[in-house]
Amino acid sequence: MNTSYNKNHPTRTKLIATAAASFLGVMLAVAAPLKEGEAFPDLNQFGLEGAVPDIHGKVVLVDFFASWCHPCQESFPVMEELYKQYAAKGLVVIAINLDKNKSDMDDFLKSHPASFVILRDAGNKLVSRVKIPTMPSSFLLDRDGKVHAFHRGFKGAETRKQYIEEIEALLK
Amino acid sequence: MKTRHLLLAVLLAATGLLTGCQNVQPWERGNLADPAMDTGRDPLGGMMSEHLWFSREAASGGRGVGGGGCGCN
């Protein structure tokens, strides 16, 4: 009986490669956020707190924020500015809060007032579905409800410029 | 031999999947972002210690720990 151990046996190499590829595949699938061109999930299906607006046929900016996130604090005045500038042309801005305690969100909104829609994903159901990679993250949806652009984080003037370019292109 | 290969593949997959590691999701980092989690809450004191450390030992850095904080942006 041949009991020698051939570490370069092709079957073994193949098996290791398969196992490694499967593992990586699973990890990537778990970590992947919603991609551009994909339909954004229906906001009514996640038990969000607050009044979900009708976004049918609108250009929508969906932003995920939390009170403890500093870039989120910087993003609010910019989103307010965009909302005031483009709401009449068909832009809807929806900020979705992910704080554990509602009181933290309320305190945040006192110091960062917003006239656009604020919803709260208390059960983290929506955010678990779209899998954002960082805080904040935002999705710009076209009039068909598909992801037109994804913004990872908020980088001040750079992100503001991108928002304006993309929103104006979608509102044309 | 086939059983051995199968066992190896299962073990490899299990090693990766059953490590017990749990990623803290970006939206779950509120506690990590709390100022109380910061070990160096006195920036000026920290700079002075660092300066002394550098002057006496000709060495600096190595105090920070990666992976903490809110992971924003």
# chains A, B, ... in the order shown; residues from 1 in each chain; ligands from 1
call {"tool": "closest_atom_pairs", "arguments": {"of": "chain B", "to": "chain A", "cutoff": "9 Å", "atoms": "only C-alpha atoms", "output": "Markdown table"}}
result
| residue | atom | partner | partner_atom | distance |
| --- | --- | --- | --- | --- |
| B:His5 | CA | A:Arg12 | CA | 6.4 |
| B:Leu6 | CA | A:Leu15 | CA | 8.0 |
| B:Leu8 | CA | A:Ile16 | CA | 8.0 |
| B:Ala9 | CA | A:Ala19 | CA | 5.8 |
| B:Val10 | CA | A:Ala19 | CA | 7.9 |
| B:Leu12 | CA | A:Ala19 | CA | 6.5 |
| B:Ala13 | CA | A:Ala19 | CA | 5.8 |
| B:Gly16 | CA | A:Phe23 | CA | 6.8 |
| B:Leu17 | CA | A:Phe23 | CA | 7.4 |
| B:Gln25 | CA | A:Pro133 | CA | 7.9 |
| B:Pro26 | CA | A:Thr134 | CA | 5.1 |
| B:Trp27 | CA | A:Leu98 | CA | 6.4 |
| B:Glu28 | CA | A:Leu98 | CA | 8.3 |
| B:Arg29 | CA | A:Trp68 | CA | 8.6 |
| B:Gly30 | CA | A:Trp68 | CA | 5.9 |
| B:Asn31 | CA | A:Trp68 | CA | 8.7 |
| B:Ala33 | CA | A:Trp68 | CA | 6.4 |
| B:Asp34 | CA | A:Trp68 | CA | 7.4 |
| B:Cys70 | CA | A:Cys69 | CA | 6.9 |
| B:Gly71 | CA | A:Thr134 | CA | 6.7 |
| B:Cys72 | CA | A:Met135 | CA | 4.8 |
| B:Asn73 | CA | A:Gly153 | CA | 3.9 |
call {"tool": "write_last_selection", "arguments": {"atoms": "C-alpha atoms", "output": "PDB file, in the first residue's frame"}}
result
ATOM      1  CA  HIS B   5      -8.924  15.189   0.393  1.00  0.00           C
ATOM      2  CA  LEU B   6     -12.517  15.772   1.267  1.00  0.00           C
ATOM      3  CA  LEU B   8      -8.878  18.510   4.071  1.00  0.00           C
ATOM      4  CA  ALA B   9     -11.263  20.672   2.053  1.00  0.00           C
ATOM      5  CA  VAL B  10     -13.839  20.622   4.850  1.00  0.00           C
ATOM      6  CA  LEU B  12      -9.916  24.365   5.290  1.00  0.00           C
ATOM      7  CA  ALA B  13     -13.396  25.767   4.797  1.00  0.00           C
ATOM      8  CA  GLY B  16     -12.103  30.106   7.562  1.00  0.00           C
ATOM      9  CA  LEU B  17     -15.752  30.070   8.447  1.00  0.00           C
ATOM     10  CA  GLN B  25     -20.533  46.484  11.093  1.00  0.00           C
ATOM     11  CA  PRO B  26     -19.943  50.169  10.268  1.00  0.00           C
ATOM     12  CA  TRP B  27     -23.361  51.104  11.685  1.00  0.00           C
ATOM     13  CA  GLU B  28     -22.637  49.291  14.969  1.00  0.00           C
ATOM     14  CA  ARG B  29     -19.587  51.340  15.919  1.00  0.00           C
ATOM     15  CA  GLY B  30     -21.338  53.892  18.094  1.00  0.00           C
ATOM     16  CA  ASN B  31     -19.714  52.539  21.251  1.00  0.00           C
ATOM     17  CA  ALA B  33     -16.683  56.041  18.561  1.00  0.00           C
ATOM     18  CA  ASP B  34     -17.422  57.138  22.119  1.00  0.00           C
ATOM     19  CA  CYS B  70     -15.973  54.752  14.359  1.00  0.00           C
ATOM     20  CA  GLY B  71     -14.339  53.786  11.072  1.00  0.00           C
ATOM     21  CA  CYS B  72     -16.062  56.728   9.407  1.00  0.00           C
ATOM     22  CA  ASN B  73     -15.242  57.733   5.831  1.00  0.00           C
TER      23      ASN B  73
END
call {"tool": "select_by_dssp", "arguments": {"residues": "region 18-68 of chain B", "states": "alpha helix (DSSP H)", "output": "PyMOL selection string"}}
result
chain B and resi 43-57
call {"tool": "atom_distance", "arguments": {"atom1": "CA of Gly69 (chain B)", "atom2": "CA of Leu32 (chain B)"}}
result
5.1 Å
call {"tool": "atom_distance", "arguments": {"atom1": "CA of Glu166 (chain A)", "atom2": "CA of Lys110 (chain A)"}}
result
29.2 Å
call {"tool": "closest_residue", "arguments": {"among": "A:Val78, A:Leu141, A:Val117, A:Ala157", "to": "Ala169 (chain A)", "atoms": "only C-alpha atoms"}}
result
A:Leu141
call {"tool": "closest_residue", "arguments": {"among": "A:Thr159, A:Ser75, A:Asn101, A:Asn44", "to": "Pro113 (chain A)", "atoms": "only C-alpha atoms"}}
result
A:Ser75
call {"tool": "select_by_dssp", "arguments": {"residues": "region 33-165 of chain A", "states": "strand (DSSP E or B)", "output": "MDAnalysis selection string"}}
result
chainID A and resid 39 49 59:65 91:97 117:120 135 137:141 146:152
call {"tool": "atom_distance", "arguments": {"atom1": "CA of Gln85 (chain A)", "atom2": "CA of Phe139 (chain A)"}}
result
18.5 Å
call {"tool": "residues_around", "arguments": {"residues": "Glu36 (chain A)", "least_positions_apart": "6", "cutoff": "8 Å", "atoms": "only C-alpha atoms", "output": "count of residues only"}}
result
5
call {"tool": "closest_residue", "arguments": {"among": "A:Gly145, A:Glu74, A:Ile94, A:Ala87", "to": "His112 (chain A)", "atoms": "only C-alpha atoms"}}
result
A:Glu74
